[in-house]
2 protein chains.
Amino acid sequence: MNNQPTAAIVIIGDEILSGRTQDKNVRFLAEKFSNLGILLKEVRIVRDDEEQIITTVNELRKNHTNVITTGGIGATHDDITASSVAKAFGVKLYKDQEAVEMIDKYIKSKNKEPSAGTFLTANVPEGCELIKNAVSGAPGFTIGNVHVLAGIPEIAQSMFQDLSNKLEKGKKFNSCSIKVNIGEGSIIHILSDAQEKHKNIQIGSYPFEEQNNWRTTIVVRGQDLSEVKLVTQELQDIFNKEQIEFTVEG
Amino acid sequence: MNNQPTAAIVIIGDEILSGRTQDKNVRFLAEKFSNLGILLKEVRIVRDDEEQIITTVNELRKNHTNVITTGGIGATHDDITASSVAKAFGVKLYKDQEAVEMIDKYIKSKNKEPSAGTFLTANVPEGCELIKNAVSGAPGFTIGNVHVLAGIPEIAQSMFQDLSNKLEKGKKFNSCSIKVNIGEGSIIHILSDAQEKHKNIQIGSYPFEEQNNWRTTIVVRGQDLSEVKLVTQELQDIFNKEQIEFTVEG
């Protein structure tokens, strides 16, 4: 795969690492990247720790086309993402007038008064570009190839919608699932033969228990839709021949 | 914190990075580590890619008391965790007789016949110790400070139960949540003053929307239970005085 755009995600937040909060941003972003043809290669979940954020962002931005961060861009003492990312790039935070206006417009639309923290989220790194937030006004930002989104899933999703128009796209990843009525241990050779034959396709095998029996979901995934369909058909033919019950999705 | 045991988690699986599957192991393990007094410092989600698994495991095992991996220990071609971890440690896989017996016992208890793949999961790295699996028989393993669990949440949880008895414990992390009827922008100074005063306690601030208004959950977390209670009480007193409505949990 030449010129395949790639991505890494950095989830920033003690609330995820303490087990208090179930992360929902990875799955959302992973699905979006799949559809945009961007290969998500890794995710890191890190603490609200300046040094860890700086190290992680600097390591990942060298190795991936895009780095997305979520979390830590509110107005309180534990929101250190903007300042940490600024330090990762060796620049300073400044109060961005366009960001102030975005926040002000949101506040006025809700007939609210600004609070002590309202305009603190307009402090963004020098040289960044703002990412719109249709949910609560305060923007995210892009600096270099690093895109900084909020942690709250609804806001992260809104920001990603604005951001996604600006990302370089690849060829969409397509997938097809086959559920078979048998444990994966009984079909290892079928799967490994198919994988050996089709090296551009990823064949995944995922056991699950149903009615006290182990069964298997097989996922055929790749960027060439016709090859995904071909491999799926070849597997169906084998399961038919071997009298293995199956259902196909997608 | 001296001699604080730490942990990192490596989630191995293309199905998470493609967005097909919502990870549930991070939250489960994170809660367990909190209760065991083990500080979870980072999580990495990586692909079913040998080089990436080896690099990640070798980097994390140097820097943390414990590394837990989940995923990729089944019998099919895409299950490469055991061989990758063996390579990370520079050892070979071998068929472990105790593992064979564990699997055989499970199969017989279910009145099943073994399949082609049944005993492949008994191939584990030289020098490892097995981790019991009460759900489906095939064990996980510990090598050095790396603990290799299955990806299926029910099995990972069963394995962790066996493993947790062997882990070095620290002082339990305690937390208390206060929900206030006001956005975090209005209480930034209350929170930062409290954080400044109590440096051994982590005070987190998490906005949420309710009935079209932004509200805040404040989480007070630390290993000294009396200090967690003290900080919570101090914040309650301030909210009372400022006539801010709140509720306390935990």
# chains A, B, ... in the order shown; residues from 1 in each chain; ligands from 1

$ interface_residues --of "chain A" --to "chain B" --cutoff "6 Å" --atoms "only C-alpha atoms" --output "list in words"
Leu17, Ser18, Gly19, Gln22, Arg27, Ala30, Glu31, Glu42, Val43, Arg44, Ile45, Val46, Thr76, His77, Ser115, Ala116, Gly117, Thr118, Gly185, Ser186, Ile188 and Ser192 of chain A

$ residues_around --residues "Gln4 of chain A" --least-positions-apart "2" --cutoff "9 Å" --atoms "only C-alpha atoms" --output "ChimeraX atom specification"
/A:1-2,6,37-39,65,169-171

$ calpha_fit_and_write --fixed "chain A" --moving "chain B" --output "PDB file with C-alpha atoms, in the first residue's frame"
ATOM      1  CA  MET B   1      -0.037  -0.051   0.061  1.00  0.00           C
ATOM      2  CA  ASN B   2       1.719   3.048  -1.231  1.00  0.00           C
ATOM      3  CA  ASN B   3       0.810   6.489   0.113  1.00  0.00           C
ATOM      4  CA  GLN B   4      -1.631   4.897   2.521  1.00  0.00           C
ATOM      5  CA  PRO B   5      -2.661   7.617   4.992  1.00  0.00           C
ATOM      6  CA  THR B   6      -2.339   6.375   8.562  1.00  0.00           C
ATOM      7  CA  ALA B   7      -3.546   7.525  11.964  1.00  0.00           C
ATOM      8  CA  ALA B   8      -2.896   7.141  15.658  1.00  0.00           C
ATOM      9  CA  ILE B   9      -5.248   8.154  18.457  1.00  0.00           C
ATOM     10  CA  VAL B  10      -4.212   9.471  21.883  1.00  0.00           C
ATOM     11  CA  ILE B  11      -6.946   9.272  24.517  1.00  0.00           C
ATOM     12  CA  ILE B  12      -5.993  11.640  27.328  1.00  0.00           C
ATOM     13  CA  GLY B  13      -7.653  11.127  30.656  1.00  0.00           C
ATOM     14  CA  ASP B  14      -7.209   9.762  34.165  1.00  0.00           C
ATOM     15  CA  GLU B  15     -10.938   8.917  34.144  1.00  0.00           C
ATOM     16  CA  ILE B  16     -10.340   6.196  31.523  1.00  0.00           C
ATOM     17  CA  LEU B  17      -7.248   4.768  33.258  1.00  0.00           C
ATOM     18  CA  SER B  18      -8.992   4.687  36.642  1.00  0.00           C
ATOM     19  CA  GLY B  19     -11.841   2.629  35.179  1.00  0.00           C
ATOM     20  CA  ARG B  20     -14.416   5.289  36.022  1.00  0.00           C
ATOM     21  CA  THR B  21     -15.329   5.990  32.409  1.00  0.00           C
ATOM     22  CA  GLN B  22     -15.795   3.636  29.461  1.00  0.00           C
ATOM     23  CA  ASP B  23     -14.046   5.148  26.439  1.00  0.00           C
ATOM     24  CA  LYS B  24     -16.312   5.532  23.418  1.00  0.00           C
ATOM     25  CA  ASN B  25     -14.105   7.665  21.189  1.00  0.00           C
ATOM     26  CA  VAL B  26     -11.824   4.906  19.910  1.00  0.00           C
ATOM     27  CA  ARG B  27     -14.603   2.920  18.305  1.00  0.00           C
ATOM     28  CA  PHE B  28     -16.262   5.989  16.767  1.00  0.00           C
ATOM     29  CA  LEU B  29     -12.992   7.300  15.303  1.00  0.00           C
ATOM     30  CA  ALA B  30     -11.892   3.814  14.194  1.00  0.00           C
ATOM     31  CA  GLU B  31     -15.068   3.356  12.154  1.00  0.00           C
ATOM     32  CA  LYS B  32     -14.685   6.803  10.610  1.00  0.00           C
ATOM     33  CA  PHE B  33     -11.050   6.126   9.658  1.00  0.00           C
ATOM     34  CA  SER B  34     -12.094   2.819   8.051  1.00  0.00           C
ATOM     35  CA  ASN B  35     -14.623   4.635   5.899  1.00  0.00           C
ATOM     36  CA  LEU B  36     -12.151   7.376   4.981  1.00  0.00           C
ATOM     37  CA  GLY B  37      -9.533   4.823   3.931  1.00  0.00           C
ATOM     38  CA  ILE B  38      -7.157   5.933   6.703  1.00  0.00           C
ATOM     39  CA  LEU B  39      -5.329   3.048   8.383  1.00  0.00           C
ATOM     40  CA  LEU B  40      -5.572   3.352  12.174  1.00  0.00           C
ATOM     41  CA  LYS B  41      -2.337   1.751  13.374  1.00  0.00           C
ATOM     42  CA  GLU B  42      -2.401   2.380  17.098  1.00  0.00           C
ATOM     43  CA  VAL B  43      -4.161   3.936  20.057  1.00  0.00           C
ATOM     44  CA  ARG B  44      -2.571   5.101  23.281  1.00  0.00           C
ATOM     45  CA  ILE B  45      -4.473   5.968  26.427  1.00  0.00           C
ATOM     46  CA  VAL B  46      -2.402   8.244  28.665  1.00  0.00           C
ATOM     47  CA  ARG B  47      -2.793  10.082  31.962  1.00  0.00           C
ATOM     48  CA  ASP B  48      -3.395  13.803  32.507  1.00  0.00           C
ATOM     49  CA  ASP B  49       0.375  14.130  32.710  1.00  0.00           C
ATOM     50  CA  GLU B  50       2.233  16.806  30.759  1.00  0.00           C
ATOM     51  CA  GLU B  51       5.414  14.840  30.172  1.00  0.00           C
ATOM     52  CA  GLN B  52       3.542  11.729  29.050  1.00  0.00           C
ATOM     53  CA  ILE B  53       1.351  13.742  26.639  1.00  0.00           C
ATOM     54  CA  ILE B  54       4.348  15.570  25.125  1.00  0.00           C
ATOM     55  CA  THR B  55       6.375  12.378  24.672  1.00  0.00           C
ATOM     56  CA  THR B  56       3.442  10.475  23.193  1.00  0.00           C
ATOM     57  CA  VAL B  57       2.384  13.218  20.774  1.00  0.00           C
ATOM     58  CA  ASN B  58       5.948  13.791  19.581  1.00  0.00           C
ATOM     59  CA  GLU B  59       6.578  10.090  19.035  1.00  0.00           C
ATOM     60  CA  LEU B  60       3.335   9.474  17.153  1.00  0.00           C
ATOM     61  CA  ARG B  61       3.327  12.586  14.962  1.00  0.00           C
ATOM     62  CA  LYS B  62       6.643  11.487  13.432  1.00  0.00           C
ATOM     63  CA  ASN B  63       5.265   8.093  12.473  1.00  0.00           C
ATOM     64  CA  HIS B  64       1.689   8.713  11.290  1.00  0.00           C
ATOM     65  CA  THR B  65      -0.090  10.899   8.738  1.00  0.00           C
ATOM     66  CA  ASN B  66      -2.583  11.985  11.402  1.00  0.00           C
ATOM     67  CA  VAL B  67      -2.641  12.020  15.182  1.00  0.00           C
ATOM     68  CA  ILE B  68      -5.979  12.635  16.900  1.00  0.00           C
ATOM     69  CA  THR B  69      -6.113  13.453  20.593  1.00  0.00           C
ATOM     70  CA  THR B  70      -9.293  13.444  22.668  1.00  0.00           C
ATOM     71  CA  GLY B  71      -9.782  14.854  26.141  1.00  0.00           C
ATOM     72  CA  GLY B  72      -8.339  17.509  28.404  1.00  0.00           C
ATOM     73  CA  ILE B  73      -9.316  20.684  26.541  1.00  0.00           C
ATOM     74  CA  GLY B  74     -11.784  22.132  29.062  1.00  0.00           C
ATOM     75  CA  ALA B  75     -11.172  25.110  31.319  1.00  0.00           C
ATOM     76  CA  THR B  76     -10.175  23.480  34.617  1.00  0.00           C
ATOM     77  CA  HIS B  77      -6.808  22.753  36.217  1.00  0.00           C
ATOM     78  CA  ASP B  78      -6.811  19.157  34.954  1.00  0.00           C
ATOM     79  CA  ASP B  79      -7.224  20.214  31.311  1.00  0.00           C
ATOM     80  CA  ILE B  80      -3.634  20.318  30.137  1.00  0.00           C
ATOM     81  CA  THR B  81      -3.884  19.063  26.565  1.00  0.00           C
ATOM     82  CA  ALA B  82      -3.634  22.452  24.777  1.00  0.00           C
ATOM     83  CA  SER B  83      -0.595  23.572  26.765  1.00  0.00           C
ATOM     84  CA  SER B  84       1.062  20.137  26.505  1.00  0.00           C
ATOM     85  CA  VAL B  85       0.558  19.958  22.725  1.00  0.00           C
ATOM     86  CA  ALA B  86       1.882  23.539  22.405  1.00  0.00           C
ATOM     87  CA  LYS B  87       5.000  22.442  24.317  1.00  0.00           C
ATOM     88  CA  ALA B  88       5.324  19.359  22.094  1.00  0.00           C
ATOM     89  CA  PHE B  89       5.554  21.753  19.134  1.00  0.00           C
ATOM     90  CA  GLY B  90       7.700  24.299  20.998  1.00  0.00           C
ATOM     91  CA  VAL B  91       5.137  27.112  20.645  1.00  0.00           C
ATOM     92  CA  LYS B  92       3.098  29.205  23.083  1.00  0.00           C
ATOM     93  CA  LEU B  93      -0.605  29.465  23.798  1.00  0.00           C
ATOM     94  CA  TYR B  94      -2.374  32.694  22.869  1.00  0.00           C
ATOM     95  CA  LYS B  95      -5.995  33.869  23.093  1.00  0.00           C
ATOM     96  CA  ASP B  96      -7.428  33.387  19.617  1.00  0.00           C
ATOM     97  CA  GLN B  97      -9.996  36.030  18.645  1.00  0.00           C
ATOM     98  CA  GLU B  98     -11.864  33.712  16.270  1.00  0.00           C
ATOM     99  CA  ALA B  99     -12.165  31.157  19.075  1.00  0.00           C
ATOM    100  CA  VAL B 100     -13.462  33.853  21.444  1.00  0.00           C
ATOM    101  CA  GLU B 101     -16.109  34.741  18.864  1.00  0.00           C
ATOM    102  CA  MET B 102     -17.129  31.105  18.388  1.00  0.00           C
ATOM    103  CA  ILE B 103     -17.601  30.706  22.132  1.00  0.00           C
ATOM    104  CA  ASP B 104     -19.370  34.064  22.468  1.00  0.00           C
ATOM    105  CA  LYS B 105     -21.777  33.155  19.662  1.00  0.00           C
ATOM    106  CA  TYR B 106     -22.622  29.855  21.373  1.00  0.00           C
ATOM    107  CA  ILE B 107     -23.155  31.524  24.786  1.00  0.00           C
ATOM    108  CA  LYS B 108     -25.450  34.157  23.276  1.00  0.00           C
ATOM    109  CA  SER B 109     -27.417  31.543  21.320  1.00  0.00           C
ATOM    110  CA  LYS B 110     -28.181  29.868  24.658  1.00  0.00           C
ATOM    111  CA  ASN B 111     -28.954  33.182  26.437  1.00  0.00           C
ATOM    112  CA  LYS B 112     -26.230  32.469  28.991  1.00  0.00           C
ATOM    113  CA  GLU B 113     -23.762  34.697  30.798  1.00  0.00           C
ATOM    114  CA  PRO B 114     -20.059  33.832  30.436  1.00  0.00           C
ATOM    115  CA  SER B 115     -18.390  32.304  33.517  1.00  0.00           C
ATOM    116  CA  ALA B 116     -14.832  32.706  34.786  1.00  0.00           C
ATOM    117  CA  GLY B 117     -13.714  29.811  32.615  1.00  0.00           C
ATOM    118  CA  THR B 118     -15.763  30.453  29.495  1.00  0.00           C
ATOM    119  CA  PHE B 119     -13.075  32.061  27.359  1.00  0.00           C
ATOM    120  CA  LEU B 120     -10.113  30.094  28.745  1.00  0.00           C
ATOM    121  CA  THR B 121     -10.733  27.469  26.064  1.00  0.00           C
ATOM    122  CA  ALA B 122      -9.913  30.127  23.448  1.00  0.00           C
ATOM    123  CA  ASN B 123      -6.263  29.759  24.514  1.00  0.00           C
ATOM    124  CA  VAL B 124      -4.754  27.649  21.729  1.00  0.00           C
ATOM    125  CA  PRO B 125      -1.233  27.042  20.367  1.00  0.00           C
ATOM    126  CA  GLU B 126       0.333  29.579  18.008  1.00  0.00           C
ATOM    127  CA  GLY B 127      -0.030  28.554  14.372  1.00  0.00           C
ATOM    128  CA  CYS B 128      -2.991  26.241  14.877  1.00  0.00           C
ATOM    129  CA  GLU B 129      -6.200  26.054  12.867  1.00  0.00           C
ATOM    130  CA  LEU B 130      -9.511  25.845  14.752  1.00  0.00           C
ATOM    131  CA  ILE B 131     -11.917  22.888  14.592  1.00  0.00           C
ATOM    132  CA  LYS B 132     -15.593  23.777  14.943  1.00  0.00           C
ATOM    133  CA  ASN B 133     -17.706  22.494  17.829  1.00  0.00           C
ATOM    134  CA  ALA B 134     -21.428  22.606  17.073  1.00  0.00           C
ATOM    135  CA  VAL B 135     -22.336  21.115  20.468  1.00  0.00           C
ATOM    136  CA  SER B 136     -20.841  23.517  23.018  1.00  0.00           C
ATOM    137  CA  GLY B 137     -18.998  26.247  21.100  1.00  0.00           C
ATOM    138  CA  ALA B 138     -15.412  25.940  22.367  1.00  0.00           C
ATOM    139  CA  PRO B 139     -13.309  24.790  19.401  1.00  0.00           C
ATOM    140  CA  GLY B 140     -10.675  22.095  18.998  1.00  0.00           C
ATOM    141  CA  PHE B 141      -7.592  22.749  16.892  1.00  0.00           C
ATOM    142  CA  THR B 142      -5.126  21.317  14.421  1.00  0.00           C
ATOM    143  CA  ILE B 143      -1.416  21.988  14.714  1.00  0.00           C
ATOM    144  CA  GLY B 144       0.847  20.297  12.177  1.00  0.00           C
ATOM    145  CA  ASN B 145      -0.615  16.806  11.748  1.00  0.00           C
ATOM    146  CA  VAL B 146      -2.074  16.714  15.284  1.00  0.00           C
ATOM    147  CA  HIS B 147      -5.808  17.235  15.676  1.00  0.00           C
ATOM    148  CA  VAL B 148      -7.004  18.028  19.193  1.00  0.00           C
ATOM    149  CA  LEU B 149     -10.616  17.122  20.004  1.00  0.00           C
ATOM    150  CA  ALA B 150     -12.710  17.207  23.180  1.00  0.00           C
ATOM    151  CA  GLY B 151     -13.188  14.062  25.281  1.00  0.00           C
ATOM    152  CA  ILE B 152     -16.973  14.150  25.584  1.00  0.00           C
ATOM    153  CA  PRO B 153     -18.113  11.790  22.800  1.00  0.00           C
ATOM    154  CA  GLU B 154     -20.861  14.069  21.378  1.00  0.00           C
ATOM    155  CA  ILE B 155     -18.402  16.968  21.120  1.00  0.00           C
ATOM    156  CA  ALA B 156     -15.568  14.815  19.752  1.00  0.00           C
ATOM    157  CA  GLN B 157     -17.973  13.538  17.089  1.00  0.00           C
ATOM    158  CA  SER B 158     -19.094  17.051  16.145  1.00  0.00           C
ATOM    159  CA  MET B 159     -15.479  18.202  15.882  1.00  0.00           C
ATOM    160  CA  PHE B 160     -14.509  15.173  13.809  1.00  0.00           C
ATOM    161  CA  GLN B 161     -17.255  16.014  11.349  1.00  0.00           C
ATOM    162  CA  ASP B 162     -15.643  19.414  10.754  1.00  0.00           C
ATOM    163  CA  LEU B 163     -12.140  17.948  10.683  1.00  0.00           C
ATOM    164  CA  SER B 164     -12.846  15.021   8.366  1.00  0.00           C
ATOM    165  CA  ASN B 165     -13.346  17.280   5.336  1.00  0.00           C
ATOM    166  CA  LYS B 166      -9.745  18.409   5.647  1.00  0.00           C
ATOM    167  CA  LEU B 167      -8.128  14.969   6.005  1.00  0.00           C
ATOM    168  CA  GLU B 168      -6.384  13.242   3.124  1.00  0.00           C
ATOM    169  CA  LYS B 169      -8.455  10.219   2.215  1.00  0.00           C
ATOM    170  CA  GLY B 170      -7.342   6.756   1.114  1.00  0.00           C
ATOM    171  CA  LYS B 171      -9.250   3.861  -0.372  1.00  0.00           C
ATOM    172  CA  LYS B 172     -12.117   2.833   1.898  1.00  0.00           C
ATOM    173  CA  PHE B 173     -11.759  -0.361   3.924  1.00  0.00           C
ATOM    174  CA  ASN B 174     -14.586  -2.827   3.239  1.00  0.00           C
ATOM    175  CA  SER B 175     -15.504  -5.802   5.321  1.00  0.00           C
ATOM    176  CA  CYS B 176     -17.817  -8.756   5.317  1.00  0.00           C
ATOM    177  CA  SER B 177     -18.626 -11.044   8.253  1.00  0.00           C
ATOM    178  CA  ILE B 178     -19.464 -14.739   8.111  1.00  0.00           C
ATOM    179  CA  LYS B 179     -20.819 -16.433  11.209  1.00  0.00           C
ATOM    180  CA  VAL B 180     -20.271 -20.172  11.288  1.00  0.00           C
ATOM    181  CA  ASN B 181     -21.930 -22.695  13.501  1.00  0.00           C
ATOM    182  CA  ILE B 182     -18.649 -24.255  14.626  1.00  0.00           C
ATOM    183  CA  GLY B 183     -15.618 -23.393  16.787  1.00  0.00           C
ATOM    184  CA  GLU B 184     -12.581 -21.824  15.117  1.00  0.00           C
ATOM    185  CA  GLY B 185     -10.434 -24.817  16.039  1.00  0.00           C
ATOM    186  CA  SER B 186     -12.284 -26.867  13.413  1.00  0.00           C
ATOM    187  CA  ILE B 187     -11.690 -24.481  10.525  1.00  0.00           C
ATOM    188  CA  ILE B 188      -8.140 -23.286  11.086  1.00  0.00           C
ATOM    189  CA  HIS B 189      -6.888 -24.761   7.802  1.00  0.00           C
ATOM    190  CA  ILE B 190      -9.750 -23.289   5.765  1.00  0.00           C
ATOM    191  CA  LEU B 191      -8.924 -19.860   7.141  1.00  0.00           C
ATOM    192  CA  SER B 192      -5.155 -20.070   6.896  1.00  0.00           C
ATOM    193  CA  ASP B 193      -5.360 -21.388   3.303  1.00  0.00           C
ATOM    194  CA  ALA B 194      -7.609 -18.464   2.358  1.00  0.00           C
ATOM    195  CA  GLN B 195      -5.289 -15.978   4.094  1.00  0.00           C
ATOM    196  CA  GLU B 196      -2.256 -17.501   2.363  1.00  0.00           C
ATOM    197  CA  LYS B 197      -3.958 -17.154  -1.040  1.00  0.00           C
ATOM    198  CA  HIS B 198      -5.140 -13.549  -0.556  1.00  0.00           C
ATOM    199  CA  LYS B 199      -2.378 -11.538   1.066  1.00  0.00           C
ATOM    200  CA  ASN B 200      -4.002  -8.129   0.500  1.00  0.00           C
ATOM    201  CA  ILE B 201      -7.034  -9.172   2.509  1.00  0.00           C
ATOM    202  CA  GLN B 202      -7.099  -9.522   6.291  1.00  0.00           C
ATOM    203  CA  ILE B 203      -9.036 -12.537   7.510  1.00  0.00           C
ATOM    204  CA  GLY B 204      -9.895 -12.323  11.201  1.00  0.00           C
ATOM    205  CA  SER B 205     -11.381 -15.112  13.299  1.00  0.00           C
ATOM    206  CA  TYR B 206     -13.373 -14.288  16.447  1.00  0.00           C
ATOM    207  CA  PRO B 207     -14.857 -17.049  18.618  1.00  0.00           C
ATOM    208  CA  PHE B 208     -18.072 -16.458  20.546  1.00  0.00           C
ATOM    209  CA  GLU B 209     -20.264 -18.646  22.734  1.00  0.00           C
ATOM    210  CA  GLU B 210     -23.903 -19.174  21.832  1.00  0.00           C
ATOM    211  CA  GLN B 211     -26.329 -21.690  23.290  1.00  0.00           C
ATOM    212  CA  ASN B 212     -23.455 -23.311  25.170  1.00  0.00           C
ATOM    213  CA  ASN B 213     -21.482 -23.906  21.952  1.00  0.00           C
ATOM    214  CA  TRP B 214     -18.405 -22.115  20.606  1.00  0.00           C
ATOM    215  CA  ARG B 215     -18.987 -20.527  17.218  1.00  0.00           C
ATOM    216  CA  THR B 216     -16.905 -18.218  15.057  1.00  0.00           C
ATOM    217  CA  THR B 217     -17.270 -14.892  13.318  1.00  0.00           C
ATOM    218  CA  ILE B 218     -14.928 -14.592  10.355  1.00  0.00           C
ATOM    219  CA  VAL B 219     -14.221 -11.058   9.179  1.00  0.00           C
ATOM    220  CA  VAL B 220     -12.894 -10.511   5.660  1.00  0.00           C
ATOM    221  CA  ARG B 221     -11.488  -6.973   5.342  1.00  0.00           C
ATOM    222  CA  GLY B 222      -9.616  -5.074   2.691  1.00  0.00           C
ATOM    223  CA  GLN B 223      -9.513  -2.034   0.443  1.00  0.00           C
ATOM    224  CA  ASP B 224     -10.321  -3.913  -2.765  1.00  0.00           C
ATOM    225  CA  LEU B 225     -14.068  -4.535  -2.542  1.00  0.00           C
ATOM    226  CA  SER B 226     -14.092  -7.113  -5.360  1.00  0.00           C
ATOM    227  CA  GLU B 227     -11.420  -9.167  -3.575  1.00  0.00           C
ATOM    228  CA  VAL B 228     -13.323  -8.932  -0.270  1.00  0.00           C
ATOM    229  CA  LYS B 229     -16.393 -10.272  -2.081  1.00  0.00           C
ATOM    230  CA  LEU B 230     -14.360 -12.975  -3.839  1.00  0.00           C
ATOM    231  CA  VAL B 231     -12.787 -14.255  -0.610  1.00  0.00           C
ATOM    232  CA  THR B 232     -16.156 -14.207   1.130  1.00  0.00           C
ATOM    233  CA  GLN B 233     -17.689 -16.212  -1.744  1.00  0.00           C
ATOM    234  CA  GLU B 234     -14.810 -18.701  -1.713  1.00  0.00           C
ATOM    235  CA  LEU B 235     -15.254 -19.256   2.022  1.00  0.00           C
ATOM    236  CA  GLN B 236     -19.039 -19.625   1.623  1.00  0.00           C
ATOM    237  CA  ASP B 237     -18.471 -22.259  -1.081  1.00  0.00           C
ATOM    238  CA  ILE B 238     -16.147 -24.237   1.189  1.00  0.00           C
ATOM    239  CA  PHE B 239     -18.550 -24.042   4.153  1.00  0.00           C
ATOM    240  CA  ASN B 240     -21.382 -25.194   1.881  1.00  0.00           C
ATOM    241  CA  LYS B 241     -19.309 -28.130   0.682  1.00  0.00           C
ATOM    242  CA  GLU B 242     -18.263 -29.056   4.219  1.00  0.00           C
ATOM    243  CA  GLN B 243     -21.909 -28.713   5.331  1.00  0.00           C
ATOM    244  CA  ILE B 244     -21.021 -26.025   7.867  1.00  0.00           C
ATOM    245  CA  GLU B 245     -23.940 -23.709   8.600  1.00  0.00           C
ATOM    246  CA  PHE B 246     -23.209 -20.017   8.112  1.00  0.00           C
ATOM    247  CA  THR B 247     -24.744 -16.564   7.766  1.00  0.00           C
ATOM    248  CA  VAL B 248     -23.220 -13.566   5.987  1.00  0.00           C
ATOM    249  CA  GLU B 249     -23.453  -9.884   6.940  1.00  0.00           C
ATOM    250  CA  GLY B 250     -22.203  -6.744   5.182  1.00  0.00           C
TER     251      GLY B 250
END

$ select_by_dssp --residues "segment 35-182 of chain B" --states "strand (DSSP E or B)" --output "VMD selection string"
chain B and resid 39 to 46 66 to 70 93 to 95 123 to 125 129 to 131 140 to 143 146 to 149 174 to 180

$ select_by_dssp --residues "segment 2-167 of chain B" --states "alpha helix (DSSP H)" --output "number ranges by chain"
B: 14-17, 25-36, 50-63, 81-89, 97-109, 153-164

$ write_last_selection --atoms "C-alpha atoms" --output "JSON list (two decimals), in the first residue's frame"
[["chain", "number", "residue", "atom", "x", "y", "z"],
["B", 14, "ASP", "CA", -7.36, -5.50, 14.35],
["B", 15, "GLU", "CA", -11.04, -5.82, 15.33],
["B", 16, "ILE", "CA", -10.67, -2.95, 17.83],
["B", 17, "LEU", "CA", -8.68, -0.72, 15.44],
["B", 25, "ASN", "CA", -11.13, -5.08, 28.70],
["B", 26, "VAL", "CA", -9.55, -1.72, 29.49],
["B", 27, "ARG", "CA", -12.31, -0.60, 31.80],
["B", 28, "PHE", "CA", -12.53, -3.97, 33.58],
["B", 29, "LEU", "CA", -8.76, -4.17, 34.14],
["B", 30, "ALA", "CA", -8.53, -0.48, 35.08],
["B", 31, "GLU", "CA", -11.09, -0.92, 37.86],
["B", 32, "LYS", "CA", -9.31, -4.03, 39.12],
["B", 33, "PHE", "CA", -5.93, -2.25, 39.17],
["B", 34, "SER", "CA", -7.50, 0.65, 41.11],
["B", 35, "ASN", "CA", -8.74, -1.76, 43.75],
["B", 36, "LEU", "CA", -5.41, -3.59, 43.92],
["B", 50, "GLU", "CA", 4.30, -9.23, 15.04],
["B", 51, "GLU", "CA", 6.78, -6.37, 14.90],
["B", 52, "GLN", "CA", 4.40, -3.93, 16.57],
["B", 53, "ILE", "CA", 3.58, -6.42, 19.37],
["B", 54, "ILE", "CA", 7.27, -7.19, 20.02],
["B", 55, "THR", "CA", 8.28, -3.52, 20.08],
["B", 56, "THR", "CA", 5.37, -2.54, 22.31],
["B", 57, "VAL", "CA", 5.83, -5.38, 24.81],
["B", 58, "ASN", "CA", 9.58, -4.80, 25.06],
["B", 59, "GLU", "CA", 9.17, -1.06, 25.58],
["B", 60, "LEU", "CA", 6.47, -1.38, 28.23],
["B", 61, "ARG", "CA", 7.94, -4.26, 30.23],
["B", 62, "LYS", "CA", 11.04, -2.16, 30.93],
["B", 63, "ASN", "CA", 8.98, 0.70, 32.33],
["B", 81, "THR", "CA", 0.39, -13.06, 20.53],
["B", 82, "ALA", "CA", 2.09, -16.15, 22.06],
["B", 83, "SER", "CA", 4.73, -16.37, 19.34],
["B", 84, "SER", "CA", 5.28, -12.59, 19.32],
["B", 85, "VAL", "CA", 5.70, -12.42, 23.11],
["B", 86, "ALA", "CA", 8.08, -15.42, 22.95],
["B", 87, "LYS", "CA", 10.15, -13.51, 20.37],
["B", 88, "ALA", "CA", 10.06, -10.39, 22.57],
["B", 89, "PHE", "CA", 11.73, -12.48, 25.28],
["B", 97, "GLN", "CA", 1.85, -30.76, 29.05],
["B", 98, "GLU", "CA", 0.02, -29.03, 31.90],
["B", 99, "ALA", "CA", -1.73, -26.79, 29.36],
["B", 100, "VAL", "CA", -2.69, -29.84, 27.28],
["B", 101, "GLU", "CA", -4.22, -31.39, 30.40],
["B", 102, "MET", "CA", -6.14, -28.22, 31.25],
["B", 103, "ILE", "CA", -7.62, -28.12, 27.76],
["B", 104, "ASP", "CA", -8.32, -31.87, 27.74],
["B", 105, "LYS", "CA", -10.12, -31.62, 31.09],
["B", 106, "TYR", "CA", -12.32, -28.80, 29.77],
["B", 107, "ILE", "CA", -13.15, -30.68, 26.53],
["B", 108, "LYS", "CA", -14.09, -33.83, 28.46],
["B", 109, "SER", "CA", -16.21, -31.85, 30.94],
["B", 153, "PRO", "CA", -13.97, -10.29, 27.98],
["B", 154, "GLU", "CA", -15.46, -13.23, 29.94],
["B", 155, "ILE", "CA", -12.26, -15.24, 29.47],
["B", 156, "ALA", "CA", -9.96, -12.28, 30.18],
["B", 157, "GLN", "CA", -11.90, -11.69, 33.40],
["B", 158, "SER", "CA", -11.64, -15.34, 34.46],
["B", 159, "MET", "CA", -7.90, -15.33, 33.77],
["B", 160, "PHE", "CA", -7.41, -12.07, 35.66],
["B", 161, "GLN", "CA", -9.08, -13.61, 38.68],
["B", 162, "ASP", "CA", -6.42, -16.33, 38.73],
["B", 163, "LEU", "CA", -3.62, -13.88, 37.99],
["B", 164, "SER", "CA", -4.58, -11.21, 40.52]]
